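**Student:** Below are the structure tokens for one structure; questions will follow.
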Amino acid sequence: MSQTQHKIAVVGTGYVGLTSGACLAHLGHLVTCVDVDETKIKSISSGVMPIYEEGLAELVAGGQSSGNLGFTTSLEEAVRDAEFVFLCLPTPPGADGMADISAIRLVVMQLRGLLRPGTIIVNKSTVPVNSTYMVQELINEPSVDVVSNPEFLREGSAVHDFLHPDRIVVGCTNPIAGERVGALYFGTRSPVLVTDPVSAESIKYMANAFLAMKISFVNQAAEYCDSVGADVIEVMKGLSFDPRIGQTFLNPGPGWGGSCFPKDTKALVVSATESGSPMTLIEEAINANLMHIDHITRLITRAAESSRASEPRICLLGLTFKANTDDTRESPALAIHQRLVEHFTNVVVYDPLAKVPESHIFNRVDSLVDAIRDADVVAILTEWSEFAELQPDLVASHMRGDTIIDGRYLLNKQDFAAAGLSVISIGR
Ligand code: NAD
């Protein structure tokens, strides 16, 4: 059986929209992506991707040459004759911590009168519960269905995740509309969970909150292991054999961040409190994360202060919140950098790909060797593979000091000790 081709408009051509559009075109659909950002649309149309994701540029080029994928800044043009309109719009935290859905409201208002009868609006943005009903009311068109279809792709493996999802979640009131949305993903061979809209919206928040809580747990466990003299890597390995715990997401690090976990956990805490069922575990996971970022900052500070240099040179390796993405939104590395430059004048950073906000001022160098040259302390904050491949002799010959804070547990302590370097990781 082959995929039936459908005409899809994707509104919002950011991380989720561009990936979704390119992948849906790859699955055989006829897709037009629209965005208000003219520069972004021009740049994508000419083959320059606004984000780094493995395989994305190739999929976009393939979609453009097959005629399955197009880009525009005109909403009207994008949705003309569309059977499905995907909303991939930003939902940043509002003043109260709850997701701000004003971009969605605005676009839905603009869609009024533009859609042909029977069109299905598919919301991929992460939105507070009841947003599907809100959109249905706002569009005010009985023949147009609104379906919640939260996105679970991970930055760093977005294309792979979209094409091989663990599950497709579809929240709808009209089962026929839900089934039609599930069928769009026919080519991915993934299980489809069709449920009600509020449950679908909740699944997305609960999934992110659970994962954030899991990392906070592992990072607190690392601090505990430090205090009692256990090895957190061994401890987590021991846990990983238990299928109830699972084998993944057990890596300690400098704290969680990114464009989703921080805002989604905050939004869930506000929503849960408002609903009368506070999720105190998630509040604690957020606090634990902030304390962990402080903890690792203190480690770097102490190492720098105990170096013999009067103006210690601190080298931070990695700015993105995880490897294989250029995204630095809410990255713990940025927070750590910010705190360090308040106390030290000589902080140098290196990241192979990071796109940094213009508001942050960095002393950034273009090569790993330039970064570690003359450093008194090196701190690894992102798990880029080139950091895991650092050779002890090379590091020893370039550093002035001898301390490496390995926030990602990449280095072999013994090998570095043999080269005269001390590798410190929390809980090891
Ligand atoms: P993004 O900021 O990368 O992209 C949003 C895009 O929407 C931008 O290009 C922006 O210019 C565009 N836009 C804003 N207003 C518009 C309008 N009125 N008309 C057309 N375009 C408009 O955001 P993102 O990371 O893609 O996130 C989108 C949604 O998906 C959010 O709700 C987010 O929580 C959710 N989500 C994100 C990820 C992720 O890893 N980034 C994963 C799953 C879910």
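Note on naming: chains are A, B, ... as they come in the structure tokens, residues start from 1 per chain, ligands start from 1 in the order shown.
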Which residues sit within 8 Å of ligand 1, counting only C-alpha atoms and all ligand atoms, listed as a ChimeraX atom specification?

**Tutor:** /A:11-18,34-37,40,73,75,88-92,103-104,106-107,124-127,150-155,158,258-260,263-264

**Student:** As an NGL selection string, please: the residues near range 412-425 of chain A (cut-off 7 Å, only C-alpha atoms, same-chain neighbours under 6 positions excluded).

**Tutor:** :A and (392-393 or 396 or 402-406)

**Student:** Could those residues be written to a file, using all heavy atoms, as a PDB file, in the first residue's frame?

**Tutor:**
```pdb
ATOM      1  N   PRO A 392      45.129  13.306  25.876  1.00  0.00           N
ATOM      2  CA  PRO A 392      45.741  13.849  27.092  1.00  0.00           C
ATOM      3  C   PRO A 392      47.032  14.630  26.834  1.00  0.00           C
ATOM      4  O   PRO A 392      47.206  15.735  27.358  1.00  0.00           O
ATOM      5  CB  PRO A 392      46.019  12.608  27.943  1.00  0.00           C
ATOM      6  CG  PRO A 392      45.077  11.567  27.423  1.00  0.00           C
ATOM      7  CD  PRO A 392      44.806  11.876  26.002  1.00  0.00           C
ATOM      8  N   ASP A 393      47.914  14.093  25.979  1.00  0.00           N
ATOM      9  CA  ASP A 393      49.203  14.777  25.761  1.00  0.00           C
ATOM     10  C   ASP A 393      49.020  16.124  25.082  1.00  0.00           C
ATOM     11  O   ASP A 393      49.685  17.097  25.432  1.00  0.00           O
ATOM     12  CB  ASP A 393      50.138  13.901  24.900  1.00  0.00           C
ATOM     13  CG  ASP A 393      50.612  12.708  25.714  1.00  0.00           C
ATOM     14  OD1 ASP A 393      50.554  12.803  26.966  1.00  0.00           O
ATOM     15  OD2 ASP A 393      51.007  11.701  25.110  1.00  0.00           O
ATOM     16  N   ALA A 396      47.671  18.474  27.719  1.00  0.00           N
ATOM     17  CA  ALA A 396      48.722  18.817  28.699  1.00  0.00           C
ATOM     18  C   ALA A 396      49.732  19.780  28.091  1.00  0.00           C
ATOM     19  O   ALA A 396      50.207  20.708  28.771  1.00  0.00           O
ATOM     20  CB  ALA A 396      49.404  17.543  29.175  1.00  0.00           C
ATOM     21  N   ASP A 402      46.235  22.527  35.290  1.00  0.00           N
ATOM     22  CA  ASP A 402      46.137  21.063  35.167  1.00  0.00           C
ATOM     23  C   ASP A 402      44.751  20.516  35.516  1.00  0.00           C
ATOM     24  O   ASP A 402      44.581  19.332  35.731  1.00  0.00           O
ATOM     25  CB  ASP A 402      47.197  20.404  36.061  1.00  0.00           C
ATOM     26  CG  ASP A 402      47.005  20.750  37.532  1.00  0.00           C
ATOM     27  OD1 ASP A 402      46.006  21.445  37.863  1.00  0.00           O
ATOM     28  OD2 ASP A 402      47.840  20.336  38.350  1.00  0.00           O
ATOM     29  N   THR A 403      43.728  21.397  35.567  1.00  0.00           N
ATOM     30  CA  THR A 403      42.414  20.905  36.009  1.00  0.00           C
ATOM     31  C   THR A 403      41.377  20.955  34.882  1.00  0.00           C
ATOM     32  O   THR A 403      41.188  21.995  34.233  1.00  0.00           O
ATOM     33  CB  THR A 403      41.903  21.753  37.199  1.00  0.00           C
ATOM     34  OG1 THR A 403      42.937  21.782  38.172  1.00  0.00           O
ATOM     35  CG2 THR A 403      40.639  21.162  37.801  1.00  0.00           C
ATOM     36  N   ILE A 404      40.709  19.832  34.704  1.00  0.00           N
ATOM     37  CA  ILE A 404      39.608  19.764  33.728  1.00  0.00           C
ATOM     38  C   ILE A 404      38.346  19.378  34.489  1.00  0.00           C
ATOM     39  O   ILE A 404      38.317  18.355  35.180  1.00  0.00           O
ATOM     40  CB  ILE A 404      39.888  18.699  32.636  1.00  0.00           C
ATOM     41  CG1 ILE A 404      41.214  19.006  31.928  1.00  0.00           C
ATOM     42  CG2 ILE A 404      38.735  18.645  31.646  1.00  0.00           C
ATOM     43  CD1 ILE A 404      41.652  17.907  30.968  1.00  0.00           C
ATOM     44  N   ILE A 405      37.316  20.219  34.372  1.00  0.00           N
ATOM     45  CA  ILE A 405      36.012  19.840  34.944  1.00  0.00           C
ATOM     46  C   ILE A 405      35.251  19.175  33.798  1.00  0.00           C
ATOM     47  O   ILE A 405      34.860  19.839  32.832  1.00  0.00           O
ATOM     48  CB  ILE A 405      35.216  21.077  35.444  1.00  0.00           C
ATOM     49  CG1 ILE A 405      36.073  21.995  36.335  1.00  0.00           C
ATOM     50  CG2 ILE A 405      33.912  20.655  36.113  1.00  0.00           C
ATOM     51  CD1 ILE A 405      36.432  21.447  37.671  1.00  0.00           C
ATOM     52  N   ASP A 406      35.047  17.881  33.900  1.00  0.00           N
ATOM     53  CA  ASP A 406      34.389  17.154  32.822  1.00  0.00           C
ATOM     54  C   ASP A 406      32.901  17.031  33.159  1.00  0.00           C
ATOM     55  O   ASP A 406      32.460  16.063  33.776  1.00  0.00           O
ATOM     56  CB  ASP A 406      35.047  15.773  32.669  1.00  0.00           C
ATOM     57  CG  ASP A 406      34.441  14.977  31.521  1.00  0.00           C
ATOM     58  OD1 ASP A 406      33.576  15.525  30.813  1.00  0.00           O
ATOM     59  OD2 ASP A 406      34.833  13.809  31.342  1.00  0.00           O
TER      60      ASP A 406
END
```

**Student:** Within 12 Å of range 354-364 of chain A, counting only C-alpha atoms, which residues qualify if same-chain residues fewer than 4 places away don't, as a PyMOL selection string?

**Tutor:** chain A and resi 50-52+313-331+333-335+337-342+345-350+368+370-372+382+384

**Student:** Nearest residue to Val147 in chain A out of A:Pro128, A:Pro117, A:Gly182, A:Gly401, using only C-alpha atoms?

**Tutor:**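 Among the listed residues, the smallest separation from Val147 in chain A belongs to A:Gly182.
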
**Student:** May I ask which of the residues A:Ser307, A:Gly70, A:Ala22, A:Val269 is the closest one to Ser45 in chain A, counting only C-alpha atoms?

**Tutor:**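 Smallest distance to Ser45 in chain A is found for A:Gly70.
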
**Student:** Could you go through range 177-350 of chain A and tell me which residues DSSP, when run on the backbone, assigns to strand (DSSP E), listing them as a list in words?

**Tutor:**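 Written out, the strand (DSSP E) residues of range 177-350 of chain A are Val192, Leu193, Val194, Thr195, Ile314, Cys315, Leu316, Leu317, Val347, Val348, Val349 and Tyr350 of chain A.
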
**Student:** How would the residues just picked look written out with C-alpha atoms as a short mmCIF file (atom, residue, chain, number, x, y, z; two decimals), in the first residue's frame?

**Tutor:**
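Produced file result38.cif, reproduced below:
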```cif
data_model
loop_
_atom_site.label_atom_id
_atom_site.label_comp_id
_atom_site.auth_asym_id
_atom_site.auth_seq_id
_atom_site.Cartn_x
_atom_site.Cartn_y
_atom_site.Cartn_z
CA VAL A 192 -0.79 6.01 16.48
CA LEU A 193 -2.55 6.85 19.73
CA VAL A 194 -5.89 8.51 19.05
CA THR A 195 -7.29 10.17 22.13
CA ILE A 314 38.96 29.54 32.04
CA CYS A 315 38.14 27.63 28.88
CA LEU A 316 34.54 26.49 28.37
CA LEU A 317 34.05 23.74 25.82
CA VAL A 347 36.90 33.27 30.01
CA VAL A 348 37.29 31.82 26.54
CA VAL A 349 34.69 29.62 24.83
CA TYR A 350 34.68 27.16 21.98
#
```

**Student:** Ranking A:Val129, A:Ala183, A:Leu56, A:Ala267 by minimum distance to Ser199 in chain A and counting only C-alpha atoms, which one comes first?

**Tutor:**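 Selected residue with least distance to Ser199 in chain A: A:Val129.
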
**Student:** Got a sec to tell me which of range 65-183 of chain A DSSP assigns to alpha helix (DSSP H), as a PyMOL selection string?

**Tutor:** chain A and resi 65-66+75-79+102-111+131-139+158-163+175-183

**Student:** Would you mind listing what lies within 9 Å of Ser131 in chain A as a PyMOL selection string, with only C-alpha atoms counted and same-chain residues fewer than 3 positions away left out?

**Tutor:** chain A and resi 101+127-128+134-136+148+197-198+201

**Student:** Please provide as a list in words all residues within 10 Å of Leu114 in chain A, with the sequence filter that same-chain residues fewer than 4 positions apart are discarded (counting only C-alpha atoms).

**Tutor:** Leu75, Glu76, Glu77, Val79, Arg80, Asp81, Ala82, Met109 and Gln110 of chain A

**Student:** Would you put the residues from that selection into a file with C-alpha atoms, as an mmCIF file, in the first residue's frame?

**Tutor:**
```cif
data_model
loop_
_atom_site.group_PDB
_atom_site.id
_atom_site.type_symbol
_atom_site.label_atom_id
_atom_site.label_comp_id
_atom_site.auth_asym_id
_atom_site.auth_seq_id
_atom_site.Cartn_x
_atom_site.Cartn_y
_atom_site.Cartn_z
ATOM 1 C CA LEU A 75 -0.458 32.678 4.485
ATOM 2 C CA GLU A 76 -3.184 32.925 1.872
ATOM 3 C CA GLU A 77 -1.017 31.288 -0.773
ATOM 4 C CA VAL A 79 -3.356 27.478 2.763
ATOM 5 C CA ARG A 80 -5.085 27.792 -0.607
ATOM 6 C CA ASP A 81 -6.586 24.336 -1.319
ATOM 7 C CA ALA A 82 -4.771 22.857 1.701
ATOM 8 C CA MET A 109 -7.872 34.642 13.255
ATOM 9 C CA GLN A 110 -6.038 35.195 9.958
#
```

**Student:** How many Å separate CA of Arg167 in chain A from CA of Pro191 in chain A?

**Tutor:** 5.1 Å

**Student:** For Gly178 in chain A, which of A:Ile41, A:Ile120, A:Ala57, A:Leu30 is the closest residue, counting only C-alpha atoms?

**Tutor:**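 The closest residue to Gly178 in chain A is A:Ile120.
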
**Student:** Would you please work out which residue, of A:Glu53, A:Asp294, A:Thr280, A:Lys266, is nearest to Val159 in chain A when using only C-alpha atoms?

**Tutor:**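 Counting only C-alpha atoms, the residue closest to Val159 in chain A is A:Glu53.
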
**Student:** Residues near Gly229 in chain A, anyone? I mean within 8 Å using only C-alpha atoms, not counting same-chain ones fewer than 4 positions away, as a list in words.

**Tutor:**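 These residues fall inside the cut-off: Cys225, Gly427 and Arg428 of chain A.
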
**Student:** Convert the current residue selection to file output with C-alpha atoms, as a short mmCIF file (atom, residue, chain, number, x, y, z; two decimals), in the first residue's frame.

**Tutor:**
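The result, stored in result-v1.cif:
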```cif
data_model
loop_
_atom_site.label_atom_id
_atom_site.label_comp_id
_atom_site.auth_asym_id
_atom_site.auth_seq_id
_atom_site.Cartn_x
_atom_site.Cartn_y
_atom_site.Cartn_z
CA CYS A 225 27.61 9.89 44.90
CA GLY A 427 30.10 11.89 41.57
CA ARG A 428 33.15 10.14 40.12
#
```

**Student:** My list of candidates is A:Val228, A:Ile203, A:Val395, A:Ala388. Which is closest to Val369 in chain A when distances are computed with only C-alpha atoms?

**Tutor:**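 Ranked by minimum distance to Val369 in chain A, first place goes to A:Val395.
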
**Student:** Sorted by chain and rising residue number, list the residues of range 136-210 of chain A at most 12 Å from range 272-278 of chain A (counting only C-alpha atoms), each with its closest atom pair and distance in Å to one decimal, as CSV.

**Tutor:**
```
residue,atom,partner,partner_atom,distance
A:Ser202,CA,A:Ala272,CA,10.6
A:Tyr205,CA,A:Ala272,CA,10.7
A:Met206,CA,A:Ala272,CA,10.9
A:Ala209,CA,A:Ala272,CA,11.9
```

**Student:** Please produce a file of those selected residues containing C-alpha atoms, as a PDB file, in the first residue's frame.

**Tutor:**
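result09.pdb, freshly written:
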```
ATOM      1  CA  SER A 202      -1.279  16.715  28.504  1.00  0.00           C
ATOM      2  CA  TYR A 205       3.731  18.273  28.917  1.00  0.00           C
ATOM      3  CA  MET A 206       3.916  15.104  31.015  1.00  0.00           C
ATOM      4  CA  ALA A 209       8.275  16.994  32.658  1.00  0.00           C
TER       5      ALA A 209
END
```

**Student:** Got a sec: who's within 12 Å of Val144 in chain A, counting only C-alpha atoms, leaving out chain neighbours fewer than 5 positions off, as a compact mmCIF listing (two decimals) with all heavy atoms, in the first residue's frame?

**Tutor:**
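Contents of the output file around28.txt:
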```txt
# COMPACT_ATOMS: atom_id res chain seq x y z
N ALA A 82 -5.40 23.81 0.77
CA ALA A 82 -4.77 22.86 1.70
C ALA A 82 -5.85 21.99 2.35
O ALA A 82 -6.90 22.48 2.75
CB ALA A 82 -3.97 23.59 2.75
N GLU A 83 -5.56 20.69 2.47
CA GLU A 83 -6.47 19.80 3.20
C GLU A 83 -6.14 19.82 4.68
O GLU A 83 -6.99 19.56 5.53
CB GLU A 83 -6.32 18.37 2.67
CG GLU A 83 -6.67 18.19 1.21
CD GLU A 83 -6.07 16.90 0.69
OE1 GLU A 83 -6.65 15.84 0.94
OE2 GLU A 83 -5.02 16.97 0.02
N PHE A 84 -4.86 20.06 4.98
CA PHE A 84 -4.40 20.11 6.38
C PHE A 84 -3.58 21.38 6.57
O PHE A 84 -2.75 21.71 5.72
CB PHE A 84 -3.51 18.90 6.71
CG PHE A 84 -4.20 17.58 6.53
CD1 PHE A 84 -4.23 16.94 5.29
CD2 PHE A 84 -4.84 16.97 7.62
CE1 PHE A 84 -4.88 15.73 5.13
CE2 PHE A 84 -5.49 15.74 7.45
CZ PHE A 84 -5.51 15.13 6.21
N VAL A 85 -3.80 22.07 7.69
CA VAL A 85 -2.97 23.23 8.03
C VAL A 85 -2.29 22.93 9.36
O VAL A 85 -2.96 22.84 10.40
CB VAL A 85 -3.82 24.52 8.12
CG1 VAL A 85 -2.96 25.69 8.60
CG2 VAL A 85 -4.45 24.85 6.78
N VAL A 108 -4.81 31.84 13.72
CA VAL A 108 -6.15 31.25 13.54
C VAL A 108 -7.14 32.34 13.11
O VAL A 108 -7.98 32.12 12.23
CB VAL A 108 -6.60 30.52 14.83
CG1 VAL A 108 -8.03 30.04 14.70
CG2 VAL A 108 -5.68 29.34 15.11
N LEU A 111 -6.68 32.88 9.58
CA LEU A 111 -7.14 31.76 8.74
C LEU A 111 -8.65 31.82 8.47
O LEU A 111 -9.14 31.18 7.53
CB LEU A 111 -6.82 30.42 9.43
CG LEU A 111 -5.35 29.98 9.45
CD1 LEU A 111 -5.19 28.71 10.30
CD2 LEU A 111 -4.83 29.73 8.03
N ARG A 112 -9.35 32.58 9.30
CA ARG A 112 -10.82 32.64 9.14
C ARG A 112 -11.16 33.12 7.74
O ARG A 112 -10.65 34.13 7.28
CB ARG A 112 -11.44 33.56 10.18
CG ARG A 112 -11.52 32.90 11.54
CD ARG A 112 -11.80 33.87 12.61
NE ARG A 112 -13.21 34.20 12.70
CZ ARG A 112 -13.79 34.67 13.79
NH1 ARG A 112 -13.09 34.84 14.89
NH2 ARG A 112 -15.05 34.95 13.80
N GLY A 113 -12.00 32.33 7.06
CA GLY A 113 -12.43 32.70 5.71
C GLY A 113 -11.46 32.27 4.63
O GLY A 113 -11.74 32.40 3.44
N LEU A 114 -10.26 31.77 5.02
CA LEU A 114 -9.28 31.36 4.00
C LEU A 114 -9.34 29.86 3.70
O LEU A 114 -8.82 29.41 2.70
CB LEU A 114 -7.85 31.67 4.46
CG LEU A 114 -7.39 33.13 4.57
CD1 LEU A 114 -5.92 33.18 4.96
CD2 LEU A 114 -7.59 33.83 3.22
N LEU A 115 -9.95 29.09 4.61
CA LEU A 115 -9.87 27.64 4.47
C LEU A 115 -11.04 27.09 3.67
O LEU A 115 -12.18 27.55 3.81
CB LEU A 115 -9.85 26.98 5.86
CG LEU A 115 -8.74 27.45 6.80
CD1 LEU A 115 -8.83 26.71 8.13
CD2 LEU A 115 -7.37 27.25 6.17
N ARG A 116 -10.75 26.07 2.88
CA ARG A 116 -11.86 25.44 2.13
C ARG A 116 -12.60 24.49 3.09
O ARG A 116 -12.00 24.01 4.08
CB ARG A 116 -11.33 24.72 0.91
CG ARG A 116 -10.51 23.49 1.24
CD ARG A 116 -10.08 22.78 -0.01
NE ARG A 116 -9.81 21.38 0.29
CZ ARG A 116 -9.37 20.52 -0.59
NH1 ARG A 116 -9.15 20.86 -1.83
NH2 ARG A 116 -9.15 19.26 -0.26
N PRO A 117 -13.89 24.22 2.84
CA PRO A 117 -14.63 23.34 3.75
C PRO A 117 -13.94 21.98 3.89
O PRO A 117 -13.40 21.45 2.91
CB PRO A 117 -16.00 23.18 3.06
CG PRO A 117 -16.09 24.32 2.11
CD PRO A 117 -14.70 24.70 1.71
N GLY A 118 -13.92 21.46 5.11
CA GLY A 118 -13.34 20.14 5.34
C GLY A 118 -11.87 20.16 5.69
O GLY A 118 -11.27 19.11 5.96
N THR A 119 -11.26 21.36 5.69
CA THR A 119 -9.84 21.45 6.07
C THR A 119 -9.67 21.03 7.53
O THR A 119 -10.54 21.29 8.36
CB THR A 119 -9.33 22.90 5.89
OG1 THR A 119 -9.55 23.28 4.55
CG2 THR A 119 -7.85 23.02 6.22
N ILE A 120 -8.54 20.41 7.82
CA ILE A 120 -8.24 20.03 9.21
C ILE A 120 -7.06 20.86 9.71
O ILE A 120 -6.00 20.90 9.06
CB ILE A 120 -7.93 18.52 9.33
CG1 ILE A 120 -9.14 17.70 8.87
CG2 ILE A 120 -7.55 18.15 10.76
CD1 ILE A 120 -8.91 16.19 8.85
N ILE A 121 -7.27 21.56 10.82
CA ILE A 121 -6.16 22.31 11.44
C ILE A 121 -5.48 21.35 12.41
O ILE A 121 -6.13 20.74 13.27
CB ILE A 121 -6.67 23.55 12.19
CG1 ILE A 121 -7.31 24.53 11.20
CG2 ILE A 121 -5.53 24.23 12.96
CD1 ILE A 121 -7.86 25.81 11.85
N VAL A 122 -4.15 21.19 12.25
CA VAL A 122 -3.40 20.24 13.08
C VAL A 122 -2.41 21.06 13.93
O VAL A 122 -1.54 21.73 13.38
CB VAL A 122 -2.60 19.26 12.18
CG1 VAL A 122 -1.91 18.21 13.03
CG2 VAL A 122 -3.52 18.61 11.15
N VAL A 135 -9.05 26.87 19.72
CA VAL A 135 -8.84 27.09 18.29
C VAL A 135 -10.13 26.77 17.51
O VAL A 135 -10.54 27.49 16.60
CB VAL A 135 -7.64 26.26 17.76
CG1 VAL A 135 -7.54 26.32 16.24
CG2 VAL A 135 -6.33 26.74 18.39
N GLN A 136 -10.79 25.70 17.92
CA GLN A 136 -12.05 25.30 17.25
C GLN A 136 -13.10 26.43 17.36
O GLN A 136 -13.76 26.76 16.39
CB GLN A 136 -12.59 24.02 17.91
CG GLN A 136 -13.81 23.42 17.22
CD GLN A 136 -13.44 22.62 15.96
OE1 GLN A 136 -12.79 21.60 16.04
NE2 GLN A 136 -13.88 23.10 14.80
N GLU A 137 -13.14 27.02 18.54
CA GLU A 137 -14.10 28.12 18.75
C GLU A 137 -13.72 29.34 17.93
O GLU A 137 -14.57 30.00 17.33
CB GLU A 137 -14.06 28.52 20.23
CG GLU A 137 -15.41 28.43 20.91
CD GLU A 137 -15.26 28.66 22.39
OE1 GLU A 137 -14.98 29.81 22.78
OE2 GLU A 137 -15.39 27.67 23.16
N LEU A 138 -12.41 29.63 17.92
CA LEU A 138 -11.92 30.82 17.24
C LEU A 138 -12.11 30.73 15.73
O LEU A 138 -12.46 31.72 15.09
CB LEU A 138 -10.43 30.96 17.57
CG LEU A 138 -9.84 32.36 17.69
CD1 LEU A 138 -10.59 33.18 18.73
CD2 LEU A 138 -8.36 32.25 18.11
N ILE A 139 -11.91 29.55 15.16
CA ILE A 139 -12.02 29.42 13.70
C ILE A 139 -13.51 29.48 13.31
O ILE A 139 -13.85 29.95 12.23
CB ILE A 139 -11.32 28.15 13.16
CG1 ILE A 139 -11.10 28.24 11.66
CG2 ILE A 139 -12.04 26.87 13.49
CD1 ILE A 139 -9.98 29.11 11.24
N THR A 173 -11.89 15.41 18.59
CA THR A 173 -13.27 15.12 18.98
C THR A 173 -13.97 14.36 17.85
O THR A 173 -14.90 13.61 18.09
CB THR A 173 -14.04 16.42 19.29
OG1 THR A 173 -13.73 17.37 18.29
CG2 THR A 173 -13.66 16.98 20.65
N ASN A 174 -13.50 14.59 16.61
CA ASN A 174 -14.06 13.88 15.47
C ASN A 174 -13.09 12.76 15.07
O ASN A 174 -12.01 13.02 14.54
CB ASN A 174 -14.24 14.87 14.31
CG ASN A 174 -14.70 14.19 13.03
OD1 ASN A 174 -14.85 12.96 13.00
ND2 ASN A 174 -14.90 14.97 11.99
N ALA A 177 -11.53 12.80 11.59
CA ALA A 177 -10.44 13.77 11.40
C ALA A 177 -9.16 13.22 12.03
O ALA A 177 -8.07 13.34 11.44
CB ALA A 177 -10.82 15.11 12.04
```
